[in-house]
Structures are given as structure tokens and as C-alpha cells.
$ cat input37.cif   # mmCIF, C-alpha atoms and all ligand atoms
data_my_file
loop_
_atom_site.label_atom_id
_atom_site.label_comp_id
_atom_site.auth_asym_id
_atom_site.auth_seq_id
_atom_site.Cartn_x
_atom_site.Cartn_y
_atom_site.Cartn_z
CA MET A 1 138.76 112.21 131.34
CA SER A 2 135.80 111.81 128.98
CA ARG A 3 135.42 113.24 125.53
CA ILE A 4 131.74 113.95 125.14
CA LEU A 5 130.03 114.76 121.87
CA THR A 6 126.47 115.37 120.80
CA GLY A 7 124.56 117.01 117.97
CA ILE A 8 121.15 118.56 117.51
CA GLN A 9 119.55 119.00 114.13
CA SER A 10 118.57 122.44 112.95
CA THR A 11 115.05 121.70 111.82
CA ASN A 12 113.45 124.26 114.11
CA VAL A 13 113.80 125.99 117.45
CA PRO A 14 114.80 123.31 120.01
CA HIS A 15 111.66 122.16 121.78
CA LEU A 16 111.09 121.05 125.35
CA GLY A 17 111.93 117.43 124.41
CA ASN A 18 115.29 118.49 122.94
CA ILE A 19 116.00 120.69 125.94
CA LEU A 20 115.18 118.10 128.62
CA GLY A 21 116.36 115.10 126.63
CA ALA A 22 119.54 116.53 125.14
CA ILE A 23 120.60 120.10 125.93
CA LEU A 24 120.29 120.17 129.72
CA PRO A 25 121.91 116.80 130.42
CA ALA A 26 124.69 117.70 127.97
CA ILE A 27 125.35 121.04 129.67
CA GLU A 28 125.35 119.31 133.04
CA LEU A 29 128.04 116.94 131.75
CA SER A 30 130.10 119.83 130.39
CA LYS A 31 130.26 121.29 133.90
CA GLN A 32 131.75 118.16 135.43
CA GLN A 33 135.49 118.24 135.98
CA GLY A 34 137.59 116.29 133.55
CA ASN A 35 135.06 116.32 130.74
CA SER A 36 135.86 117.87 127.40
CA CYS A 37 132.79 118.47 125.27
CA LEU A 38 132.06 118.87 121.57
CA TYR A 39 128.51 119.98 120.90
CA PHE A 40 127.46 120.73 117.36
CA ILE A 41 124.54 121.66 115.15
CA ALA A 42 123.80 118.72 112.86
CA ASP A 43 122.74 120.90 109.95
CA MET A 44 123.79 118.34 107.31
CA HIS A 45 121.45 115.78 108.85
CA THR A 46 118.75 118.43 108.59
CA LEU A 47 118.98 118.36 104.79
CA THR A 48 117.50 114.84 104.83
CA SER A 49 114.20 116.48 105.68
CA VAL A 50 114.43 120.25 105.08
CA LYS A 51 115.11 121.66 101.60
CA ASP A 52 114.76 125.31 102.43
CA ALA A 53 117.94 127.35 102.88
CA VAL A 54 116.26 130.14 104.82
CA LYS A 55 114.68 127.70 107.23
CA ILE A 56 117.98 125.87 107.76
CA LYS A 57 119.77 129.17 108.44
CA GLU A 58 117.11 130.44 110.82
CA SER A 59 116.90 127.15 112.68
CA THR A 60 120.68 126.98 112.95
CA LYS A 61 120.64 130.37 114.66
CA ALA A 62 117.83 129.23 116.93
CA VAL A 63 119.71 126.09 117.98
CA ALA A 64 122.91 128.06 118.60
CA ALA A 65 121.03 130.66 120.65
CA ALA A 66 119.36 127.91 122.68
CA TRP A 67 122.67 126.26 123.66
CA LEU A 68 124.14 129.60 124.64
CA ALA A 69 120.98 130.67 126.49
CA PHE A 70 121.26 127.52 128.60
CA GLY A 71 124.82 128.51 129.48
CA PHE A 72 127.03 126.28 127.35
CA ASP A 73 130.61 127.45 127.82
CA THR A 74 132.11 127.69 124.34
CA GLN A 75 135.55 128.69 125.61
CA SER A 76 136.40 125.50 127.43
CA ASN A 77 134.46 123.26 125.01
CA LEU A 78 133.88 123.02 121.24
CA PHE A 79 130.72 124.40 119.64
CA TYR A 80 130.34 124.22 115.84
CA ARG A 81 128.17 123.66 112.79
CA GLN A 82 128.60 120.24 111.21
CA SER A 83 128.51 121.75 107.70
CA ARG A 84 131.47 124.02 108.49
CA VAL A 85 133.71 121.01 109.12
CA PRO A 86 132.89 119.16 105.89
CA GLN A 87 135.72 116.67 106.48
CA VAL A 88 132.96 114.66 108.17
CA THR A 89 131.39 113.81 104.81
CA GLU A 90 134.67 112.35 103.59
CA LEU A 91 134.88 110.12 106.64
CA SER A 92 131.23 109.25 106.17
CA TRP A 93 132.02 107.86 102.71
CA TYR A 94 134.78 105.64 104.06
CA LEU A 95 132.49 104.40 106.81
CA ASN A 96 129.70 103.70 104.28
CA CYS A 97 132.02 101.15 102.75
CA PHE A 98 132.27 99.36 106.12
CA THR A 99 128.53 99.38 106.81
CA PRO A 100 126.45 96.32 105.97
CA PHE A 101 123.32 97.30 104.03
CA PRO A 102 120.88 95.30 106.25
CA MET A 103 122.09 97.13 109.36
CA LEU A 104 120.78 100.38 107.91
CA ALA A 105 117.66 98.80 106.44
CA ASN A 106 116.72 97.52 109.91
CA ALA A 107 117.31 100.76 111.80
CA HIS A 108 114.14 101.69 113.75
CA SER A 109 114.50 105.37 113.07
CA PHE A 110 114.74 104.84 109.31
CA LYS A 111 111.77 102.47 109.29
CA ASP A 112 109.73 104.91 111.35
CA LYS A 113 110.64 107.92 109.20
CA SER A 114 110.20 106.09 105.91
CA GLU A 115 106.65 105.19 106.92
CA ARG A 116 105.77 108.73 107.98
CA LEU A 117 107.59 110.96 105.49
CA SER A 118 106.95 111.42 101.79
CA ASP A 119 110.60 112.24 100.95
CA VAL A 120 112.42 108.98 101.64
CA ASN A 121 115.85 109.82 100.23
CA ALA A 122 119.19 108.01 100.38
CA GLY A 123 120.47 110.59 102.88
CA LEU A 124 117.78 109.45 105.28
CA PHE A 125 118.91 105.89 104.76
CA THR A 126 122.62 106.57 105.36
CA TYR A 127 121.87 109.05 108.15
CA PRO A 128 123.36 106.76 110.86
CA VAL A 129 126.64 106.58 108.92
CA LEU A 130 127.03 110.36 108.88
CA MET A 131 126.21 110.28 112.58
CA ALA A 132 128.91 107.65 113.12
CA ALA A 133 131.36 109.91 111.26
CA ASP A 134 130.36 112.85 113.50
CA ILE A 135 131.34 110.81 116.51
CA LEU A 136 134.35 108.85 115.26
CA LEU A 137 136.05 111.83 113.61
CA TYR A 138 136.60 113.40 117.03
CA ASP A 139 137.38 110.26 119.09
CA ALA A 140 134.39 110.87 121.33
CA ASP A 141 133.88 108.22 123.99
CA LYS A 142 130.53 109.35 125.43
CA VAL A 143 127.50 110.51 123.47
CA PRO A 144 124.49 111.86 125.35
CA VAL A 145 121.31 111.23 123.34
CA GLY A 146 117.63 110.50 123.78
CA LYS A 147 116.51 106.88 123.91
CA ASP A 148 115.48 106.93 120.26
CA GLN A 149 119.09 107.48 119.20
CA LEU A 150 120.67 104.62 121.12
CA GLN A 151 120.44 102.27 118.17
CA HIS A 152 122.50 104.73 116.13
CA LEU A 153 125.20 104.43 118.78
CA GLU A 154 125.17 100.65 118.41
CA ILE A 155 125.53 101.11 114.67
CA THR A 156 128.43 103.51 115.27
CA ARG A 157 130.19 100.95 117.46
CA ASP A 158 129.63 98.21 114.86
CA ILE A 159 131.06 100.35 112.06
CA ALA A 160 134.03 101.41 114.20
CA SER A 161 134.77 97.79 115.13
CA ALA A 162 134.55 96.68 111.50
CA PHE A 163 137.04 99.37 110.52
CA ASN A 164 139.38 98.69 113.44
CA ASN A 165 139.30 94.94 112.79
CA THR A 166 140.03 95.37 109.11
CA PHE A 167 143.18 97.36 109.82
CA GLY A 168 144.14 95.62 113.04
CA GLN A 169 144.39 98.93 114.93
CA GLU A 170 142.34 100.94 117.38
CA VAL A 171 141.78 103.70 114.84
CA PHE A 172 138.39 104.65 116.24
CA VAL A 173 137.25 104.88 119.83
CA LEU A 174 134.11 102.79 120.48
CA PRO A 175 131.65 105.33 121.91
CA GLU A 176 129.04 104.74 124.54
CA GLY A 177 125.55 106.30 124.37
CA ILE A 178 124.31 107.87 127.56
CA THR A 179 120.66 108.64 128.29
CA ASP A 180 119.22 110.42 131.27
CA SER A 181 116.99 107.70 132.70
CA LYS A 182 114.85 110.27 134.55
CA VAL A 183 113.81 112.07 131.37
CA MET A 184 113.41 109.33 128.79
CA THR A 185 110.83 110.38 126.24
CA VAL A 186 109.15 113.74 126.68
CA PRO A 187 105.58 113.56 125.37
CA GLY A 188 104.22 116.11 122.90
CA THR A 189 100.84 117.83 122.92
CA ASP A 190 99.24 114.69 121.44
CA GLY A 191 100.87 112.28 123.92
CA GLN A 192 103.24 110.85 121.28
CA LYS A 193 106.99 111.50 121.55
CA MET A 194 107.53 115.24 121.26
CA SER A 195 109.10 115.83 117.86
CA LYS A 196 109.55 118.58 115.30
CA SER A 197 108.41 116.24 112.56
CA ARG A 198 105.18 115.43 114.39
CA ASN A 199 104.33 119.07 114.97
CA ASN A 200 103.33 118.34 118.55
CA PHE A 201 106.14 120.28 120.19
CA ILE A 202 106.33 122.98 122.83
CA ASP A 203 108.71 125.84 122.03
CA ILE A 204 109.53 127.34 125.42
CA PHE A 205 111.15 130.40 123.83
CA GLN A 206 108.03 131.78 122.19
CA ASP A 207 106.05 134.66 123.65
CA GLU A 208 103.70 133.96 126.51
CA LYS A 209 100.53 134.21 124.44
CA SER A 210 101.70 131.67 121.85
CA LEU A 211 103.01 129.39 124.58
CA LYS A 212 99.64 129.50 126.30
CA LYS A 213 97.94 128.57 123.03
CA VAL A 214 100.17 125.54 122.50
CA ILE A 215 99.67 124.36 126.08
CA SER A 216 95.90 124.74 125.70
CA ARG A 217 96.13 122.26 122.80
CA ILE A 218 97.60 119.45 124.94
CA GLU A 219 95.21 116.56 124.55
CA THR A 220 93.43 115.18 127.62
CA ASP A 221 90.41 112.98 128.20
CA SER A 222 87.02 114.68 128.54
CA LYS A 223 86.51 114.37 132.31
CA GLY A 224 84.61 117.32 133.83
CA LEU A 225 85.94 119.74 136.41
CA GLU A 226 84.47 117.94 139.44
CA GLU A 227 85.57 114.44 138.52
CA SER A 228 88.60 112.71 139.95
CA LYS A 229 91.33 112.34 137.32
CA ASP A 230 94.15 109.92 136.76
CA PRO A 231 97.47 111.81 136.77
CA ASP A 232 99.38 108.83 135.44
CA THR A 233 97.57 108.78 132.10
CA CYS A 234 97.53 112.56 131.60
CA ASN A 235 99.99 114.38 129.30
CA VAL A 236 99.63 117.66 131.16
CA PHE A 237 100.58 115.97 134.42
CA HIS A 238 103.44 114.10 132.79
CA LEU A 239 104.94 117.33 131.41
CA PHE A 240 104.38 119.13 134.71
CA ALA A 241 106.12 116.35 136.63
CA LEU A 242 109.14 116.50 134.33
CA LEU A 243 109.70 120.14 135.29
CA ALA A 244 108.37 120.44 138.83
CA ASN A 245 110.02 119.70 142.16
CA PRO A 246 108.70 116.71 144.18
CA ASP A 247 106.42 118.87 146.37
CA GLN A 248 104.83 120.60 143.40
CA THR A 249 104.33 117.24 141.72
CA GLN A 250 102.74 115.73 144.81
CA THR A 251 100.35 118.66 145.17
CA MET A 252 99.36 118.38 141.51
CA ARG A 253 98.83 114.62 141.93
CA GLU A 254 96.53 115.23 144.89
CA ASN A 255 94.60 117.89 142.94
CA TYR A 256 93.97 115.43 140.13
CA ILE A 257 92.79 112.64 142.39
CA ARG A 258 90.65 114.83 144.65
CA GLY A 259 88.58 116.28 141.79
CA GLY A 260 87.29 119.85 141.53
CA TYR A 261 90.48 120.59 139.60
CA GLY A 262 90.09 120.87 135.82
CA TYR A 263 92.53 120.34 132.98
CA GLY A 264 92.37 124.11 132.42
CA HIS A 265 93.81 124.60 135.91
CA ALA A 266 96.55 122.07 135.28
CA LYS A 267 97.44 123.73 131.97
CA ALA A 268 97.60 127.16 133.64
CA ALA A 269 99.93 125.69 136.28
CA LEU A 270 102.12 124.14 133.58
CA LEU A 271 102.36 127.49 131.78
CA GLU A 272 103.34 129.26 135.01
CA LEU A 273 105.93 126.63 135.76
CA ILE A 274 107.56 126.93 132.32
CA LEU A 275 107.62 130.74 132.52
CA ASP A 276 109.09 130.65 136.00
CA LYS A 277 111.60 127.85 135.51
CA PHE A 278 112.98 129.17 132.22
CA LYS A 279 112.73 132.91 132.90
CA ALA A 280 116.46 133.63 132.55
CA GLU A 281 116.90 131.36 129.51
CA ARG A 282 113.89 132.86 127.72
CA GLU A 283 115.33 136.34 128.19
CA ALA A 284 118.83 135.28 127.13
CA TYR A 285 117.43 133.57 124.02
CA VAL A 286 115.61 136.70 122.86
CA ARG A 287 118.79 138.73 123.39
CA LEU A 288 120.98 136.27 121.48
CA ILE A 289 118.69 135.71 118.52
CA GLN A 290 118.90 139.44 117.83
CA GLN A 291 122.72 139.26 117.61
CA PRO A 292 123.57 136.97 114.68
CA GLU A 293 127.16 138.32 114.53
CA LEU A 294 127.76 137.18 118.08
CA LEU A 295 126.41 133.70 117.30
CA GLU A 296 128.56 133.57 114.17
CA LYS A 297 131.67 134.51 116.15
CA GLU A 298 131.07 131.89 118.83
CA LEU A 299 130.61 129.18 116.20
CA ALA A 300 133.59 130.21 114.04
CA ILE A 301 136.00 129.73 116.96
CA GLY A 302 134.78 126.19 117.55
CA GLU A 303 134.83 125.41 113.82
CA ALA A 304 138.49 126.34 113.44
CA ARG A 305 139.44 124.08 116.34
CA ALA A 306 137.19 121.21 115.20
CA SER A 307 138.58 121.46 111.69
CA ALA A 308 142.19 121.13 112.88
CA TYR A 309 141.29 118.01 114.86
CA ALA A 310 139.35 116.52 111.93
CA ASN A 311 142.28 117.04 109.55
CA GLU A 312 144.61 115.05 111.79
CA LYS A 313 142.18 112.18 112.13
CA LEU A 314 141.46 112.05 108.43
CA LYS A 315 145.14 111.94 107.59
CA GLN A 316 145.39 108.70 109.55
CA VAL A 317 142.25 107.22 107.97
CA ARG A 318 143.23 108.17 104.40
CA SER A 319 146.57 106.55 104.84
CA LEU A 320 145.01 103.32 106.16
CA VAL A 321 142.53 102.96 103.29
CA GLY A 322 145.26 103.56 100.73
CA TYR A 323 144.98 107.24 99.85
CA GLY A 324 147.99 108.48 101.80
CA LEU A 325 151.13 109.79 100.23
P1 LIG A 401 113.09 115.73 116.75
O1 LIG A 401 112.58 114.34 117.07
O2 LIG A 401 112.19 116.78 117.27
O3 LIG A 401 113.42 115.92 115.28
P2 LIG A 401 115.90 115.53 117.11
O4 LIG A 401 115.82 114.22 116.39
O5 LIG A 401 116.57 116.68 116.43
O6 LIG A 401 114.43 115.93 117.53
O7 LIG A 401 116.57 115.28 118.54
C1 LIG A 401 117.61 116.03 119.12
C2 LIG A 401 117.95 115.44 120.46
O8 LIG A 401 116.85 115.59 121.37
C3 LIG A 401 118.25 113.94 120.46
O9 LIG A 401 119.25 113.63 121.41
C4 LIG A 401 116.94 113.31 120.82
O10 LIG A 401 117.05 112.04 121.36
C5 LIG A 401 116.42 114.32 121.84
N1 LIG A 401 114.96 114.31 121.84
C6 LIG A 401 114.17 114.65 120.80
N2 LIG A 401 112.87 114.54 121.13
C7 LIG A 401 112.85 114.11 122.42
C8 LIG A 401 111.81 113.80 123.33
N3 LIG A 401 110.54 113.91 122.99
N4 LIG A 401 112.15 113.39 124.56
C9 LIG A 401 113.45 113.28 124.93
N5 LIG A 401 114.48 113.55 124.13
C10 LIG A 401 114.20 113.96 122.88
N1 LIG A 402 120.76 112.07 114.95
C1 LIG A 402 120.71 112.96 116.07
C2 LIG A 402 119.26 113.35 116.33
O1 LIG A 402 118.50 113.50 115.43
C3 LIG A 402 121.53 114.20 115.82
C4 LIG A 402 122.95 113.84 115.63
C5 LIG A 402 123.64 113.87 114.45
C6 LIG A 402 123.83 113.36 116.63
N2 LIG A 402 124.91 113.46 114.66
C7 LIG A 402 125.06 113.13 115.97
C8 LIG A 402 123.69 113.12 118.00
C9 LIG A 402 126.18 112.63 116.67
C10 LIG A 402 124.80 112.61 118.69
C11 LIG A 402 126.02 112.38 118.02
O2 LIG A 402 118.93 113.52 117.45
#

$ encode --input "input37.cif" --output "C-alpha cells" --more "lines below"
Ligand code: ADP
Ligand code: TRP
Amino acid sequence: MSRILTGIQSTNVPHLGNILGAILPAIELSKQQGNSCLYFIADMHTLTSVKDAVKIKESTKAVAAAWLAFGFDTQSNLFYRQSRVPQVTELSWYLNCFTPFPMLANAHSFKDKSERLSDVNAGLFTYPVLMAADILLYDADKVPVGKDQLQHLEITRDIASAFNNTFGQEVFVLPEGITDSKVMTVPGTDGQKMSKSRNNFIDIFQDEKSLKKVISRIETDSKGLEESKDPDTCNVFHLFALLANPDQTQTMRENYIRGGYGYGHAKAALLELILDKFKAEREAYVRLIQQPELLEKELAIGEARASAYANEKLKQVRSLVGYGL
């Protein structure tokens, strides 16, 4: 029996990278017998980069609608907003006091973000500690994440071990990060890792016209229609191959190599594939986003259950650090 937990920030509508790298593998896991899953919207992590209440609210709805559109079963699992179980921030404080400063200073994700972003706040710095609290509060043992987040799982294990060793008890479960080796990093329209903060993402839920426009912006080299092209260095091909079946991929590969097949053709094929593959989810998303009360209801159920669990765990932690009755 595995207790699986993962979170997605609410910075925007989940993009293709989030869907392939996080949502789909997580939903797959939730369907396997014996797994109990806690999937949440990491809206407190979002505040490290977004200071706009309307945007946070809208994005939270979008993330919730995306999980539900992809068929996450909220009855047999837990689905909640991080901010609605604020006990996590209390645990985060305790964990901060067990986290060596250099471990955070050396985190790749912090270094990367602090070079790219203008708002380098302390929340961004202690981000991995809040993430550790997200995981440890619920005794999760498996955490599906993209490759870029694996270091945060190592940090979580280090913090949990430090705490357990201090008190001589297995207070926290040491979680394991799991990545889908087939997906790895989904490239964005510029060939870099697809990311909301890089503005190179593909939102599969938008209308066909806007989707077409984004796909037309995928960067390629400037080879002409007749020339033979290298599929292995092309973003359009890479994205196509992530979604297509082996026959479709092989045909596309041959088209590239043969020549007489332009990037415009490949982009049109990618658009068709996205529309076809995600037809049901695109329709479900549009339906759900128009029913905020339904989204609210789904989340509130999970939040009540998550909160009860968090209270129990915190009682134990408070008592260990010296704040118990
Ligand atoms: P972003 O980088 O767009 O801000 P998040 O950091 O909110 O995305 O990531 C949410 C989840 O989606 C994480 O598990 C992350 O590893 C995964 N993920 C994000 N971008 C990609 C990508 N380009 N390829 C694969 N997985 C990704
Ligand atoms: N940091 C993760 C990301 O940006 C989101 C996240 C927050 C998370 N808390 C988590 C993922 C706990 C897994 C477990 O992708």
C-alpha cells in the first residue's frame, strides 16, 4: 500500500509539460490498486512568484478543473488546496529549524530562479521546506514529480532524517520521488524546458485558433520544404513523439528524413494530434471551469479530510519539540 502525494502550483492553467510530466502519471498511479493518493494545489508556493489575488484564484480554478477533466477520482483520494490546510505552514516552521542553510542555498531550482527572476524573496529560498512540510505532514511515501523537482525530494528526506534522528523516532516517513522516465522534460516552444515562468508553454485547453497560434510559434531551424530534416533536433517532432503512438512517430520520422515535408506540415499534424488525443478532456475542462461551485465543493471535501489528518500529525510534532500539553 503506497501513500502517494503531489502538488501543482496555481500560477496558470496547467500546460502540456505539467500534464505529461505530473498530472497523467499521477492519475495513472491513483488507478492502481492499493494506492491512496493526496493531490493538491500548491497555491502557497505560488505566492513566491505571483502577487495577484485574482490571478491566484483563477489559476487555482484552472488547476482544479484540469485534474478533474483528466478524471481524478476525488472520492477515493484526497484533493485539496494547500492554503486551506494552513497547518502545513506551522510544520514548515519546525522543519526550517532542522534545515541547514547551505542546503537551501545550493538548491538548483533556487539558483536557477534567483538568476532569472527579479523578485528573489525569502519564500523562494525556503520553498523546499514548505514542500517538505507538504509531504511529511501526510506521511506520504511516494511523490511523483518532474525531474527538476527530485532535488527537493532529497532535501525532504534530509530534513525528515534530521528530525527523526534528533528525537530518536520515526516521526516522518522518508519519501521517494518518482519520475516517469519516458516523459522526462517536455520542451517548450523555444526548445527550453516548458515552463509557466518562461512563457514558452502550450495550453491544451485553449480554443483551437489560439492553440494553432502557439504551435505556429514553436521554433525550428530554417530548412526549406524540400530539404531533408533531422527529427532528433526538432522541437515539433519531439512534442509530437511524446503524444503519438509508435506508428505515427515512425511515419513522422520518415517524413522529416525524406524531405518535401515542411515544418508547417509537422505543426499542423501536432495540432491535429493534440485536438484528437485530448478531445474529451478539452470538453470536460470547458464544462468544469464554468461551474466554480462544483469545483469548490470537490475541494472542500478533501480539505476537511486533509485537515483532520494534519491535526493528528501536528499534535505529535508539537509534543516532540516541546509545545505539547
Ligand atoms: P512550471 O515550471 O511551469 O512552473 P511547475 O513548477 O508548477 O511548472 O510544475 C508542476 C509539475 O509539473 C512538477 O511536477 C514539474 O516537475 C512538472 N513539470 C513542469 N514542467 C515540466 C516539463 N516541461 N516537463 C515535464 N514535467 C514538467
Ligand atoms: N514544487 C512543486 C513544483 O513546483 C510543487 C509542489 C509543492 C509539490 N509542494 C509539493 C510537488 C509537494 C510534490 C510534493 O512542481

$ residues_near_ligand --input "input37.cif" --ligand "ligand LIG 402 (chain A)" --cutoff "9 Å" --atoms "only C-alpha atoms and all ligand atoms" --output "ChimeraX atom specification"
/A:5-9,18,22,39-46,82,127-128,130-135,143-146,148-149,152-153,177

$ residues_near_point --input "input37.cif" --point "(114.3, 109.5, 115.3)" --cutoff "9 Å" --atoms "all atoms listed in the file" --output "list in words"
His108, Ser109, Phe110, Asp112, Lys113, Asp148, Gln149 and Ser195 of chain A

$ residues_near_point --input "input37.cif" --point "(126.7, 103.0, 117.6)" --cutoff "8 Å" --atoms "all atoms listed in the file" --output "list in words"
Ala132, Leu150, Gln151, His152, Leu153, Glu154, Ile155, Thr156, Arg157, Asp158, Ile159, Leu174, Pro175, Glu176 and Gly177 of chain A

$ atom_distance --input "input37.cif" --atom1 "atom CA of A:His238" --atom2 "atom CA of A:Gly191"
9.4 Å

$ closest_residue --input "input37.cif" --among "A:Ile301, A:Ala310, A:Val317, A:Leu325" --to "A:Val88" --atoms "all atoms listed in the file"
A:Ala310

$ atom_distance --input "input37.cif" --atom1 "atom CA of A:Asp141" --atom2 "atom C4 of ligand LIG 401 (chain A)"
18.0 Å

$ axis_aligned_box --input "input37.cif" --around "stretch 98-109 of chain A" --padding-each-side "3 Å" --output "lines of an AutoDock Vina configuration file"
center_x = 123.2
center_y = 100.3
center_z = 108.9
size_x = 24.1
size_y = 16.1
size_z = 15.7

$ closest_residue --input "input37.cif" --among "A:Leu239, A:Leu104, A:Val120, A:Ala244" --to "ligand LIG 401 (chain A)" --atoms "only C-alpha atoms and all ligand atoms"
A:Leu239

$ atom_distance --input "input37.cif" --atom1 "atom CA of A:Gly260" --atom2 "atom CA of A:Leu225"
5.3 Å

$ closest_residue --input "input37.cif" --among "A:Thr189, A:Thr249, A:Ser216, A:Ser10" --to "A:Ala53" --atoms "all atoms listed in the file"
A:Ser10

$ closest_residue --input "input37.cif" --among "A:Thr233, A:Thr48, A:Thr220, A:Thr179" --to "A:Thr126" --atoms "all atoms listed in the file"
A:Thr48

$ residues_around --input "input37.cif" --residues "A:Leu275" --least-positions-apart "3" --cutoff "10 Å" --atoms "all atoms listed in the file" --output "count of residues only"
14

$ residues_around --input "input37.cif" --residues "stretch 297-300 of chain A" --least-positions-apart "3" --cutoff "9 Å" --atoms "all atoms listed in the file" --output "list in words"
Ala64, Thr74, Gln75, Leu78, Phe79, Tyr80, Arg81, Arg84, Pro292, Glu293, Leu294, Glu303, Ala304 and Arg305 of chain A

$ closest_residue --input "input37.cif" --among "A:Val321, A:Leu137, A:Ile215, A:Met194" --to "ligand LIG 401 (chain A)" --atoms "all atoms listed in the file"
A:Met194

$ closest_residue --input "input37.cif" --among "A:Thr89, A:Asn199, A:Ser36, A:Thr166" --to "ligand LIG 401 (chain A)" --atoms "all atoms listed in the file"
A:Asn199
